[in-house]
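*Asks:* My file is run39.cif. It has mmCIF, C-alpha atoms:
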```cif
data_protein
loop_
_atom_site.label_atom_id
_atom_site.label_comp_id
_atom_site.auth_asym_id
_atom_site.auth_seq_id
_atom_site.Cartn_x
_atom_site.Cartn_y
_atom_site.Cartn_z
CA MET T 1 51.05 -32.01 56.24
CA GLY T 2 51.07 -29.64 53.28
CA VAL T 3 54.21 -27.85 54.46
CA GLY T 4 55.88 -31.19 55.12
CA ALA T 5 55.01 -32.38 51.60
CA VAL T 6 56.47 -29.21 50.08
CA ALA T 7 59.64 -29.65 52.16
CA LEU T 8 60.01 -33.24 50.98
CA GLY T 9 59.52 -32.24 47.36
CA TRP T 10 61.98 -29.36 47.58
CA GLY T 11 64.59 -31.52 49.29
CA ALA T 12 64.30 -34.32 46.75
CA TRP T 13 64.67 -31.81 43.90
CA SER T 14 67.28 -29.46 45.34
CA TRP T 15 69.25 -31.38 47.96
CA ASP T 16 69.66 -34.82 46.34
CA TRP T 17 67.65 -36.73 48.89
CA GLY T 18 67.50 -40.44 48.15
CA THR T 19 71.05 -40.68 46.80
CA SER T 20 72.34 -42.76 49.74
CA GLY T 21 71.23 -44.80 52.72
CA PRO T 22 70.62 -43.18 56.11
CA ARG T 23 73.79 -41.82 57.69
CA PHE T 24 74.90 -39.35 60.32
CA GLN T 25 77.42 -36.57 59.76
CA ASP T 26 79.44 -34.50 62.23
CA GLU T 27 79.53 -31.05 60.60
CA GLY T 28 81.18 -29.13 63.42
CA TRP T 29 80.03 -25.73 64.64
CA PHE T 30 81.55 -22.36 63.68
CA GLY T 31 85.10 -23.43 62.91
CA ARG T 32 86.94 -21.98 59.94
CA THR T 33 87.34 -25.40 58.33
CA THR T 34 83.66 -26.34 58.54
CA ALA T 35 81.59 -26.45 55.34
CA GLU T 36 80.06 -22.97 55.74
CA GLY T 37 81.90 -21.42 58.67
CA GLY T 38 78.82 -21.83 60.85
CA ALA T 39 76.56 -19.65 58.71
CA ASP T 40 74.47 -22.73 57.90
CA LYS T 41 73.84 -23.28 61.61
CA LEU T 42 72.37 -19.80 61.96
CA GLY T 43 70.39 -20.52 58.81
CA HIS T 44 68.81 -23.50 60.55
CA ALA T 45 68.07 -21.41 63.64
CA TRP T 46 66.48 -18.60 61.62
CA SER T 47 64.40 -21.04 59.55
CA GLY T 48 63.15 -22.78 62.70
CA TYR T 49 62.33 -19.40 64.22
CA ALA T 50 60.54 -17.96 61.20
CA ILE T 51 58.56 -21.15 60.50
CA SER T 52 57.43 -21.31 64.14
CA HIS T 53 55.95 -17.82 63.78
CA LEU T 54 54.29 -18.65 60.46
CA PHE T 55 52.57 -21.58 62.14
CA ALA T 56 51.75 -19.60 65.30
CA ASN T 57 50.12 -16.89 63.20
CA ARG T 58 47.92 -19.51 61.50
CA TYR T 59 47.03 -21.17 64.79
CA GLU T 60 45.86 -17.87 66.24
CA HIS T 61 43.84 -17.31 63.08
CA PHE T 62 42.22 -20.72 63.68
CA GLY T 63 41.17 -19.55 67.17
CA TYR T 64 43.90 -20.89 69.46
CA SER T 65 45.13 -18.69 72.31
CA ARG T 66 48.49 -16.96 72.09
CA THR T 67 50.06 -19.49 74.46
CA GLU T 68 48.67 -22.44 72.51
CA ALA T 69 49.71 -20.89 69.20
CA ALA T 70 53.25 -20.28 70.48
CA ARG T 71 53.53 -23.88 71.70
CA TYR T 72 52.04 -25.53 68.63
CA GLY T 73 53.96 -23.19 66.33
CA ALA T 74 57.27 -24.23 67.87
CA LEU T 75 56.34 -27.93 67.79
CA SER T 76 55.20 -27.69 64.16
CA SER T 77 58.45 -25.96 63.24
CA LEU T 78 60.41 -28.76 64.89
CA GLY T 79 58.35 -31.29 62.95
CA VAL T 80 59.11 -29.67 59.60
CA MET T 81 62.79 -28.94 60.32
CA GLY T 82 63.23 -32.43 61.78
CA LEU T 83 61.70 -33.91 58.63
CA ILE T 84 64.20 -31.95 56.54
CA GLU T 85 67.06 -33.26 58.67
CA VAL T 86 65.82 -36.83 58.26
CA GLY T 87 65.74 -36.20 54.51
CA ASP T 88 69.36 -35.02 54.67
CA ALA T 89 70.24 -38.38 56.20
CA PHE T 90 69.45 -39.92 52.80
CA SER T 91 71.74 -37.60 50.84
CA ASP T 92 75.34 -38.15 49.71
CA ASP T 93 76.05 -34.45 50.27
CA TYR T 94 74.69 -33.97 53.79
CA GLY T 95 73.67 -36.63 56.28
CA PHE T 96 71.77 -36.16 59.54
CA SER T 97 73.63 -33.50 61.54
CA TYR T 98 72.93 -33.23 65.25
CA GLN T 99 74.45 -29.74 65.14
CA ASP T 100 71.83 -28.66 62.61
CA MET T 101 69.09 -30.25 64.68
CA LEU T 102 70.19 -28.45 67.84
CA PHE T 103 70.00 -25.13 66.00
CA ASN T 104 66.56 -26.10 64.67
CA VAL T 105 65.51 -26.57 68.30
CA ALA T 106 67.13 -23.26 69.33
CA GLY T 107 65.29 -21.38 66.58
CA ALA T 108 61.94 -22.93 67.45
CA ALA T 109 62.53 -22.19 71.15
CA LEU T 110 63.31 -18.55 70.40
CA GLY T 111 60.20 -18.44 68.24
CA TYR T 112 58.15 -19.74 71.16
CA VAL T 113 59.56 -17.16 73.59
CA LEU T 114 59.08 -14.16 71.31
CA TRP T 115 55.52 -15.18 70.36
CA GLU T 116 54.49 -16.02 73.91
CA TYR T 117 55.97 -12.76 75.28
CA PRO T 118 55.12 -9.86 72.93
CA GLU T 119 56.90 -7.36 75.19
CA ILE T 120 60.17 -9.08 74.28
CA LYS T 121 59.19 -9.41 70.63
CA ARG T 122 58.62 -5.68 70.25
CA LYS T 123 62.21 -5.13 71.39
CA VAL T 124 64.10 -7.89 69.55
CA ASP T 125 64.05 -9.33 66.01
CA PHE T 126 65.99 -12.28 64.61
CA ARG T 127 66.55 -11.53 60.92
CA ALA T 128 68.18 -12.89 57.80
CA GLU T 129 69.64 -10.64 55.12
CA TYR T 130 70.17 -11.64 51.48
CA ASP T 131 72.29 -9.32 49.35
CA PRO T 132 72.28 -10.32 45.66
CA PHE T 133 75.22 -8.11 44.67
CA PRO T 134 78.43 -9.67 46.12
CA SER T 135 80.60 -11.52 43.61
CA GLY T 136 81.09 -15.28 43.65
CA LYS T 137 79.28 -18.41 42.62
CA ARG T 138 75.52 -17.92 42.55
CA GLN T 139 73.05 -20.57 43.63
CA VAL T 140 69.50 -21.11 42.46
CA ASP T 141 68.57 -22.10 46.01
CA ILE T 142 69.01 -18.83 47.90
CA THR T 143 68.26 -20.59 51.21
CA THR T 144 71.76 -22.11 51.09
CA ASP T 145 73.55 -19.21 49.35
CA TYR T 146 75.61 -18.23 52.37
CA GLN T 147 77.94 -16.12 50.21
CA ARG T 148 75.23 -13.46 50.20
CA THR T 149 73.53 -14.06 53.55
CA LYS T 150 73.88 -12.54 57.00
CA TYR T 151 72.07 -13.34 60.24
CA LEU T 152 71.51 -10.83 63.00
CA LEU T 153 69.70 -9.87 66.16
CA ALA T 154 68.20 -6.39 66.04
CA VAL T 155 67.38 -4.55 69.26
CA LYS T 156 64.79 -1.88 68.43
CA ALA T 157 64.71 1.43 70.27
CA ASP T 158 60.99 1.68 69.52
CA GLY T 159 60.39 -1.27 71.84
CA PHE T 160 61.62 0.61 74.91
CA ASP T 161 59.14 3.04 76.45
CA ALA T 162 61.97 4.83 78.26
CA ILE T 163 63.27 6.08 74.90
CA GLU T 164 61.00 8.99 74.04
CA ASN T 165 62.99 10.88 71.41
CA PRO T 166 61.10 10.35 68.11
CA TRP T 167 64.34 10.29 66.08
CA LEU T 168 66.00 7.70 68.29
CA LYS T 169 62.91 5.48 68.08
CA HIS T 170 63.70 4.95 64.38
CA LEU T 171 67.07 3.37 65.21
CA GLU T 172 68.08 -0.16 66.14
CA PHE T 173 71.26 -1.91 67.29
CA HIS T 174 72.50 -4.97 65.37
CA VAL T 175 74.71 -7.91 66.30
CA GLY T 176 75.38 -10.18 63.33
CA TYR T 177 77.46 -12.94 61.78
CA TYR T 178 78.30 -14.06 58.25
CA ALA T 179 80.80 -16.17 56.33
CA ARG T 180 82.26 -15.59 52.88
CA ASN T 181 84.18 -17.46 50.14
CA TYR T 182 83.22 -20.95 51.29
CA ALA T 183 81.26 -22.12 48.25
CA GLU T 184 84.20 -21.80 45.84
CA TYR T 185 86.92 -23.07 48.15
CA GLN T 186 88.70 -26.27 47.08
CA PRO T 187 91.44 -28.01 49.09
CA GLY T 188 94.82 -26.95 47.74
CA SER T 189 93.56 -23.65 46.31
CA VAL T 190 94.16 -20.20 47.81
CA ASP T 191 92.19 -20.14 51.05
CA GLN T 192 90.13 -16.94 51.22
CA ARG T 193 87.47 -18.22 53.62
CA GLU T 194 86.37 -15.62 56.16
CA ARG T 195 84.06 -15.47 59.16
CA HIS T 196 82.80 -12.09 60.29
CA LEU T 197 81.21 -10.81 63.48
CA TYR T 198 79.80 -7.30 63.49
CA ILE T 199 77.81 -4.73 65.40
CA GLY T 200 75.80 -2.08 63.65
CA LEU T 201 73.40 0.83 63.88
CA GLY T 202 70.47 0.65 61.52
CA LEU T 203 67.09 2.08 60.60
CA ASN T 204 63.89 0.48 61.83
CA LEU T 205 62.22 0.33 58.43
CA THR T 206 58.96 -1.07 59.82
CA LYS T 207 58.51 2.07 61.91
CA LEU T 208 59.93 4.38 59.26
CA LEU T 209 57.52 3.12 56.58
CA SER T 210 54.50 2.55 58.83
CA PRO T 211 52.78 5.89 58.03
CA HIS T 212 52.87 5.05 54.32
CA VAL T 213 53.34 1.28 53.82
CA ASN T 214 52.05 -1.75 55.71
CA THR T 215 54.97 -4.20 55.59
CA GLY T 216 52.91 -6.98 57.17
CA GLY T 217 55.64 -7.69 59.71
CA VAL T 218 57.98 -9.12 57.03
CA LEU T 219 60.76 -6.70 57.95
CA ASN T 220 60.81 -8.15 61.46
CA TYR T 221 62.30 -11.27 59.86
CA VAL T 222 64.13 -9.94 56.81
CA GLN T 223 66.90 -7.33 56.93
CA VAL T 224 67.12 -4.97 53.96
CA PRO T 225 70.78 -4.54 52.84
CA TYR T 226 72.51 -1.16 53.00
CA THR T 227 70.21 0.33 55.63
CA TYR T 228 72.77 0.29 58.45
CA VAL T 229 76.41 1.04 59.28
CA THR T 230 78.66 -1.54 60.94
CA LEU T 231 81.83 -2.12 62.85
CA ASP T 232 83.06 -5.42 61.42
CA ARG T 233 85.66 -7.87 62.72
CA ASN T 234 87.14 -10.52 60.45
CA LEU T 235 87.70 -13.52 62.70
CA ASP T 236 90.26 -14.91 60.25
#
```
Would you mind writing the file out in structure tokens?
*Replies:*
Amino acid sequence: MGVGAVALGWGAWSWDWGTSGPRFQDEGWFGRTTAEGGADKLGHAWSGYAISHLFANRYEHFGYSRTEAARYGALSSLGVMGLIEVGDAFSDDYGFSYQDMLFNVAGAALGYVLWEYPEIKRKVDFRAEYDPFPSGKRQVDITTDYQRTKYLLAVKADGFDAIENPWLKHLEFHVGYYARNYAEYQPGSVDQRERHLYIGLGLNLTKLLSPHVNTGGVLNYVQVPYTYVTLDRNLD
């Protein structure tokens, strides 16, 4: 209830909830002419995923089993993200998007799987990266600042017992997506919108720092910029 109240307050303040009657909106998927090139869809998935794990962690702390915590964490995430989507239905700028809701469900489902099966979780992370340095219009609400955000899956060598080399165990393989130059685009202006897909080789900072710093698992959800090299393809 507390998280839901915070979400309602944030939405009313930041996302103009209450400026229109309830309405639906077809936002599309990952097309070049969509509002954010699909980066917002991955943002919904990551938020649903991360929130499900925040709840699952609390449920285990309250004494629930791992299976119960995974289930209730995913359902609680869907409740919060669904509430946000209902709030969007009362905004002139957004509207209820079934595409967003499907990615909310996908994120919560992934959260359930990785919490319920720790052997998979130790191998795979779903992360968001925020880089404050790229040029362009800055937003106070960094959760929707897709000009500076990337989303990626990281496959960690440390999660595979067959990899025994101590140097290799500090590496991870990335597959990611991001979009750029959408916030400032106006119809009729020079169209510099870009969607990017990339693969990369990075450092597992959680393992690298573990002898000295307890990161509290945060780096399983947040990617630190400039700690990897990539092979990038501009889809446009």
*Asks:* Could you pull out every residue with an atom within 8 Å of (76.4, -32.1, 61.7), file coordinates, counting all atoms listed in the file, and send them as number ranges by chain?
*Replies:* T: 24-29, 95-100
*Asks:* If the PyMOL selection byres ((chain T and resi 68) around 12) is run on the structure shown, which residues does it catch, given as a ChimeraX atom specification?
*Replies:* /T:55-67,69-76,112,115-116
*Asks:* Would you write out, as JSON, numbers by chain, every residue that the PyMOL selection byres ((chain T and resi 176) around 8) captures in this file?
*Replies:* {"T": [150, 151, 152, 153, 174, 175, 177, 178, 197, 198, 199]}
*Asks:* Report, in Å with one decimal, the straight-line distance from CA of Leu8 (chain T) to CA of Tyr182 (chain T).
*Replies:* 26.3 Å
*Asks:* Taking every listed atom of region 91-102 of chain T and adding 8 Å to each side, what centre and edge lengths in Å (one decimal) does the axis-aligned box have, as JSON?
*Replies:*
```
{"center_x": 72.6, "center_y": -33.3, "center_z": 58.8, "size_x": 23.0, "size_y": 25.7, "size_z": 34.1}
```
*Asks:* Under the rule that all atoms listed in the file are counted, which of T:Asp141, T:Glu164, T:Asp88, T:Glu36 is the nearest residue to Glu184 (chain T)?
*Replies:*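 For Glu184 (chain T), the nearest of the given residues is T:Glu36.
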*Asks:* Please provide as a list in words all residues within 10 Å of Asp16 (chain T), with the sequence filter that same-chain residues fewer than 5 positions apart are discarded (counting only C-alpha atoms).
*Replies:* Trp10, Gly11, Gly87, Asp88, Phe90, Ser91, Asp92, Asp93 and Tyr94 of chain T
*Asks:* Kindly extract all protein, DNA and RNA residues lying within 12 Å of the coordinates (87.5, -20.9, 49.8) given in the file, considering all atoms listed in the file, and supply them as a list in words.
*Replies:*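 Here the neighbourhood of the point contains Arg32, Thr33, Thr34, Ala35, Glu36, Gly37, Gly136, Lys137, Gln147, Ala179, Arg180, Asn181, Tyr182, Ala183, Glu184, Tyr185, Gln186, Pro187, Gly188, Ser189, Val190, Asp191, Gln192, Arg193, Glu194 and Arg195 of chain T.
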*Asks:* So that I have them on file, write out the residues from the current selection with C-alpha atoms, as a compact mmCIF listing (two decimals), keeping the file's coordinate frame.
*Replies:*
```txt
# COMPACT_ATOMS: atom_id res chain seq x y z
CA ARG T 32 86.94 -21.98 59.94
CA THR T 33 87.34 -25.40 58.33
CA THR T 34 83.66 -26.34 58.54
CA ALA T 35 81.59 -26.45 55.34
CA GLU T 36 80.06 -22.97 55.74
CA GLY T 37 81.90 -21.42 58.67
CA GLY T 136 81.09 -15.28 43.65
CA LYS T 137 79.28 -18.41 42.62
CA GLN T 147 77.94 -16.12 50.21
CA ALA T 179 80.80 -16.17 56.33
CA ARG T 180 82.26 -15.59 52.88
CA ASN T 181 84.18 -17.46 50.14
CA TYR T 182 83.22 -20.95 51.29
CA ALA T 183 81.26 -22.12 48.25
CA GLU T 184 84.20 -21.80 45.84
CA TYR T 185 86.92 -23.07 48.15
CA GLN T 186 88.70 -26.27 47.08
CA PRO T 187 91.44 -28.01 49.09
CA GLY T 188 94.82 -26.95 47.74
CA SER T 189 93.56 -23.65 46.31
CA VAL T 190 94.16 -20.20 47.81
CA ASP T 191 92.19 -20.14 51.05
CA GLN T 192 90.13 -16.94 51.22
CA ARG T 193 87.47 -18.22 53.62
CA GLU T 194 86.37 -15.62 56.16
CA ARG T 195 84.06 -15.47 59.16
```
*Asks:* Would you mind telling me which residue in T:Ile163, T:Leu168, T:Ala39, T:Met1 lies nearest to His196 (chain T) when using all atoms listed in the file?
*Replies:*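 Among T:Ile163, T:Leu168, T:Ala39, T:Met1, it is T:Ala39 that comes nearest to His196 (chain T).
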*Asks:* Work out how far CA of Met81 (chain T) is from CA of Arg138 (chain T), in Å to one decimal.
*Replies:* 24.5 Å
*Asks:* Provide the CA of Pro118 (chain T) to CA of Asp158 (chain T) distance in Å, to one decimal place.
*Replies:*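 Value for the CA of Pro118 (chain T)-CA of Asp158 (chain T) distance: 13.4 Å.
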*Asks:* Using all atoms listed in the file, can you tell me which of T:Val222, T:Met101, T:Val86, T:Ala7 comes closest to His44 (chain T)?
*Replies:*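 Closest residue, counting all atoms listed in the file: T:Met101.
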*Asks:* Got a sec to resolve the PyMOL selection byres ((chain T and resi 108) around 6) on this structure and send the residues as a ChimeraX atom specification?
*Replies:* /T:48-49,52,74,105-107,109-111
*Asks:* So that I can check the surroundings of Tyr221 (chain T), please list as a list in words every protein, DNA and RNA residue that reaches within 9 Å of it, counting only C-alpha atoms and ignoring chain neighbours fewer than 3 positions away.
*Replies:* Trp46, Ala50, Asp125, Phe126, Arg127, Ala128, Glu129, Gly217 and Val218 of chain T
*Asks:* Can you save region 47-76 of chain T of the given block to a file, including N, CA, C and O atoms and formatted as a PDB file, in the first residue's frame?
*Replies:*
```
ATOM      1  N   SER T  47      11.731  -2.288 -14.777  1.00  0.00           N
ATOM      2  CA  SER T  47      11.080  -1.828 -13.547  1.00  0.00           C
ATOM      3  C   SER T  47      10.257  -2.946 -12.913  1.00  0.00           C
ATOM      4  O   SER T  47      10.319  -3.173 -11.696  1.00  0.00           O
ATOM      5  N   GLY T  48       9.484  -3.661 -13.736  1.00  0.00           N
ATOM      6  CA  GLY T  48       8.708  -4.782 -13.222  1.00  0.00           C
ATOM      7  C   GLY T  48       9.585  -5.854 -12.623  1.00  0.00           C
ATOM      8  O   GLY T  48       9.254  -6.445 -11.580  1.00  0.00           O
ATOM      9  N   TYR T  49      10.719  -6.102 -13.257  1.00  0.00           N
ATOM     10  CA  TYR T  49      11.674  -7.101 -12.779  1.00  0.00           C
ATOM     11  C   TYR T  49      12.307  -6.679 -11.453  1.00  0.00           C
ATOM     12  O   TYR T  49      12.289  -7.431 -10.471  1.00  0.00           O
ATOM     13  N   ALA T  50      12.837  -5.455 -11.409  1.00  0.00           N
ATOM     14  CA  ALA T  50      13.524  -4.992 -10.208  1.00  0.00           C
ATOM     15  C   ALA T  50      12.566  -4.875  -9.025  1.00  0.00           C
ATOM     16  O   ALA T  50      12.908  -5.253  -7.891  1.00  0.00           O
ATOM     17  N   ILE T  51      11.355  -4.373  -9.265  1.00  0.00           N
ATOM     18  CA  ILE T  51      10.387  -4.218  -8.180  1.00  0.00           C
ATOM     19  C   ILE T  51       9.966  -5.585  -7.641  1.00  0.00           C
ATOM     20  O   ILE T  51       9.769  -5.762  -6.431  1.00  0.00           O
ATOM     21  N   SER T  52       9.845  -6.575  -8.536  1.00  0.00           N
ATOM     22  CA  SER T  52       9.474  -7.920  -8.069  1.00  0.00           C
ATOM     23  C   SER T  52      10.526  -8.460  -7.108  1.00  0.00           C
ATOM     24  O   SER T  52      10.191  -9.122  -6.114  1.00  0.00           O
ATOM     25  N   HIS T  53      11.799  -8.165  -7.361  1.00  0.00           N
ATOM     26  CA  HIS T  53      12.862  -8.649  -6.481  1.00  0.00           C
ATOM     27  C   HIS T  53      12.934  -7.851  -5.180  1.00  0.00           C
ATOM     28  O   HIS T  53      13.282  -8.399  -4.128  1.00  0.00           O
ATOM     29  N   LEU T  54      12.612  -6.558  -5.247  1.00  0.00           N
ATOM     30  CA  LEU T  54      12.542  -5.777  -4.011  1.00  0.00           C
ATOM     31  C   LEU T  54      11.475  -6.355  -3.086  1.00  0.00           C
ATOM     32  O   LEU T  54      11.700  -6.532  -1.884  1.00  0.00           O
ATOM     33  N   PHE T  55      10.311  -6.649  -3.651  1.00  0.00           N
ATOM     34  CA  PHE T  55       9.243  -7.238  -2.853  1.00  0.00           C
ATOM     35  C   PHE T  55       9.617  -8.635  -2.373  1.00  0.00           C
ATOM     36  O   PHE T  55       9.382  -8.988  -1.211  1.00  0.00           O
ATOM     37  N   ALA T  56      10.187  -9.460  -3.255  1.00  0.00           N
ATOM     38  CA  ALA T  56      10.542 -10.829  -2.878  1.00  0.00           C
ATOM     39  C   ALA T  56      11.538 -10.831  -1.725  1.00  0.00           C
ATOM     40  O   ALA T  56      11.447 -11.656  -0.805  1.00  0.00           O
ATOM     41  N   ASN T  57      12.496  -9.911  -1.776  1.00  0.00           N
ATOM     42  CA  ASN T  57      13.464  -9.799  -0.691  1.00  0.00           C
ATOM     43  C   ASN T  57      12.773  -9.501   0.631  1.00  0.00           C
ATOM     44  O   ASN T  57      13.085 -10.096   1.676  1.00  0.00           O
ATOM     45  N   ARG T  58      11.794  -8.600   0.611  1.00  0.00           N
ATOM     46  CA  ARG T  58      11.064  -8.251   1.833  1.00  0.00           C
ATOM     47  C   ARG T  58      10.215  -9.428   2.306  1.00  0.00           C
ATOM     48  O   ARG T  58      10.127  -9.692   3.514  1.00  0.00           O
ATOM     49  N   TYR T  59       9.598 -10.137   1.377  1.00  0.00           N
ATOM     50  CA  TYR T  59       8.756 -11.266   1.776  1.00  0.00           C
ATOM     51  C   TYR T  59       9.591 -12.364   2.442  1.00  0.00           C
ATOM     52  O   TYR T  59       9.154 -12.975   3.416  1.00  0.00           O
ATOM     53  N   GLU T  60      10.782 -12.614   1.915  1.00  0.00           N
ATOM     54  CA  GLU T  60      11.649 -13.593   2.574  1.00  0.00           C
ATOM     55  C   GLU T  60      12.053 -13.098   3.960  1.00  0.00           C
ATOM     56  O   GLU T  60      12.134 -13.886   4.910  1.00  0.00           O
ATOM     57  N   HIS T  61      12.295 -11.802   4.083  1.00  0.00           N
ATOM     58  CA  HIS T  61      12.632 -11.237   5.380  1.00  0.00           C
ATOM     59  C   HIS T  61      11.482 -11.419   6.373  1.00  0.00           C
ATOM     60  O   HIS T  61      11.699 -11.607   7.569  1.00  0.00           O
ATOM     61  N   PHE T  62      10.243 -11.370   5.862  1.00  0.00           N
ATOM     62  CA  PHE T  62       9.067 -11.557   6.718  1.00  0.00           C
ATOM     63  C   PHE T  62       8.854 -13.027   7.093  1.00  0.00           C
ATOM     64  O   PHE T  62       8.000 -13.325   7.930  1.00  0.00           O
ATOM     65  N   GLY T  63       9.598 -13.949   6.451  1.00  0.00           N
ATOM     66  CA  GLY T  63       9.495 -15.351   6.812  1.00  0.00           C
ATOM     67  C   GLY T  63       8.866 -16.252   5.760  1.00  0.00           C
ATOM     68  O   GLY T  63       8.714 -17.451   5.994  1.00  0.00           O
ATOM     69  N   TYR T  64       8.500 -15.702   4.609  1.00  0.00           N
ATOM     70  CA  TYR T  64       7.956 -16.543   3.544  1.00  0.00           C
ATOM     71  C   TYR T  64       9.067 -17.388   2.920  1.00  0.00           C
ATOM     72  O   TYR T  64      10.239 -17.008   2.939  1.00  0.00           O
ATOM     73  N   SER T  65       8.699 -18.514   2.331  1.00  0.00           N
ATOM     74  CA  SER T  65       9.664 -19.357   1.633  1.00  0.00           C
ATOM     75  C   SER T  65      10.098 -18.679   0.344  1.00  0.00           C
ATOM     76  O   SER T  65       9.476 -17.707  -0.112  1.00  0.00           O
ATOM     77  N   ARG T  66      11.172 -19.198  -0.245  1.00  0.00           N
ATOM     78  CA  ARG T  66      11.646 -18.617  -1.511  1.00  0.00           C
ATOM     79  C   ARG T  66      10.562 -18.675  -2.581  1.00  0.00           C
ATOM     80  O   ARG T  66      10.338 -17.710  -3.306  1.00  0.00           O
ATOM     81  N   THR T  67       9.878 -19.811  -2.694  1.00  0.00           N
ATOM     82  CA  THR T  67       8.835 -19.952  -3.706  1.00  0.00           C
ATOM     83  C   THR T  67       7.700 -18.964  -3.473  1.00  0.00           C
ATOM     84  O   THR T  67       7.212 -18.322  -4.409  1.00  0.00           O
ATOM     85  N   GLU T  68       7.273 -18.838  -2.213  1.00  0.00           N
ATOM     86  CA  GLU T  68       6.208 -17.890  -1.902  1.00  0.00           C
ATOM     87  C   GLU T  68       6.655 -16.459  -2.165  1.00  0.00           C
ATOM     88  O   GLU T  68       5.902 -15.642  -2.716  1.00  0.00           O
ATOM     89  N   ALA T  69       7.895 -16.141  -1.779  1.00  0.00           N
ATOM     90  CA  ALA T  69       8.410 -14.792  -1.985  1.00  0.00           C
ATOM     91  C   ALA T  69       8.497 -14.460  -3.468  1.00  0.00           C
ATOM     92  O   ALA T  69       8.162 -13.341  -3.889  1.00  0.00           O
ATOM     93  N   ALA T  70       8.935 -15.423  -4.283  1.00  0.00           N
ATOM     94  CA  ALA T  70       9.020 -15.204  -5.728  1.00  0.00           C
ATOM     95  C   ALA T  70       7.635 -14.933  -6.311  1.00  0.00           C
ATOM     96  O   ALA T  70       7.445 -14.022  -7.132  1.00  0.00           O
ATOM     97  N   ARG T  71       6.650 -15.724  -5.875  1.00  0.00           N
ATOM     98  CA  ARG T  71       5.283 -15.574  -6.391  1.00  0.00           C
ATOM     99  C   ARG T  71       4.677 -14.241  -5.960  1.00  0.00           C
ATOM    100  O   ARG T  71       4.163 -13.484  -6.780  1.00  0.00           O
ATOM    101  N   TYR T  72       4.754 -13.955  -4.666  1.00  0.00           N
ATOM    102  CA  TYR T  72       4.126 -12.732  -4.159  1.00  0.00           C
ATOM    103  C   TYR T  72       4.895 -11.488  -4.620  1.00  0.00           C
ATOM    104  O   TYR T  72       4.309 -10.419  -4.787  1.00  0.00           O
ATOM    105  N   GLY T  73       6.199 -11.642  -4.813  1.00  0.00           N
ATOM    106  CA  GLY T  73       6.983 -10.519  -5.345  1.00  0.00           C
ATOM    107  C   GLY T  73       6.543 -10.149  -6.752  1.00  0.00           C
ATOM    108  O   GLY T  73       6.369  -8.972  -7.070  1.00  0.00           O
ATOM    109  N   ALA T  74       6.358 -11.167  -7.586  1.00  0.00           N
ATOM    110  CA  ALA T  74       5.913 -10.918  -8.965  1.00  0.00           C
ATOM    111  C   ALA T  74       4.506 -10.324  -8.984  1.00  0.00           C
ATOM    112  O   ALA T  74       4.223  -9.371  -9.730  1.00  0.00           O
ATOM    113  N   LEU T  75       3.605 -10.868  -8.149  1.00  0.00           N
ATOM    114  CA  LEU T  75       2.236 -10.349  -8.114  1.00  0.00           C
ATOM    115  C   LEU T  75       2.197  -8.918  -7.570  1.00  0.00           C
ATOM    116  O   LEU T  75       1.433  -8.073  -8.069  1.00  0.00           O
ATOM    117  N   SER T  76       3.022  -8.620  -6.583  1.00  0.00           N
ATOM    118  CA  SER T  76       3.064  -7.266  -6.041  1.00  0.00           C
ATOM    119  C   SER T  76       3.607  -6.288  -7.075  1.00  0.00           C
ATOM    120  O   SER T  76       3.130  -5.154  -7.185  1.00  0.00           O
TER     121      SER T  76
END
```
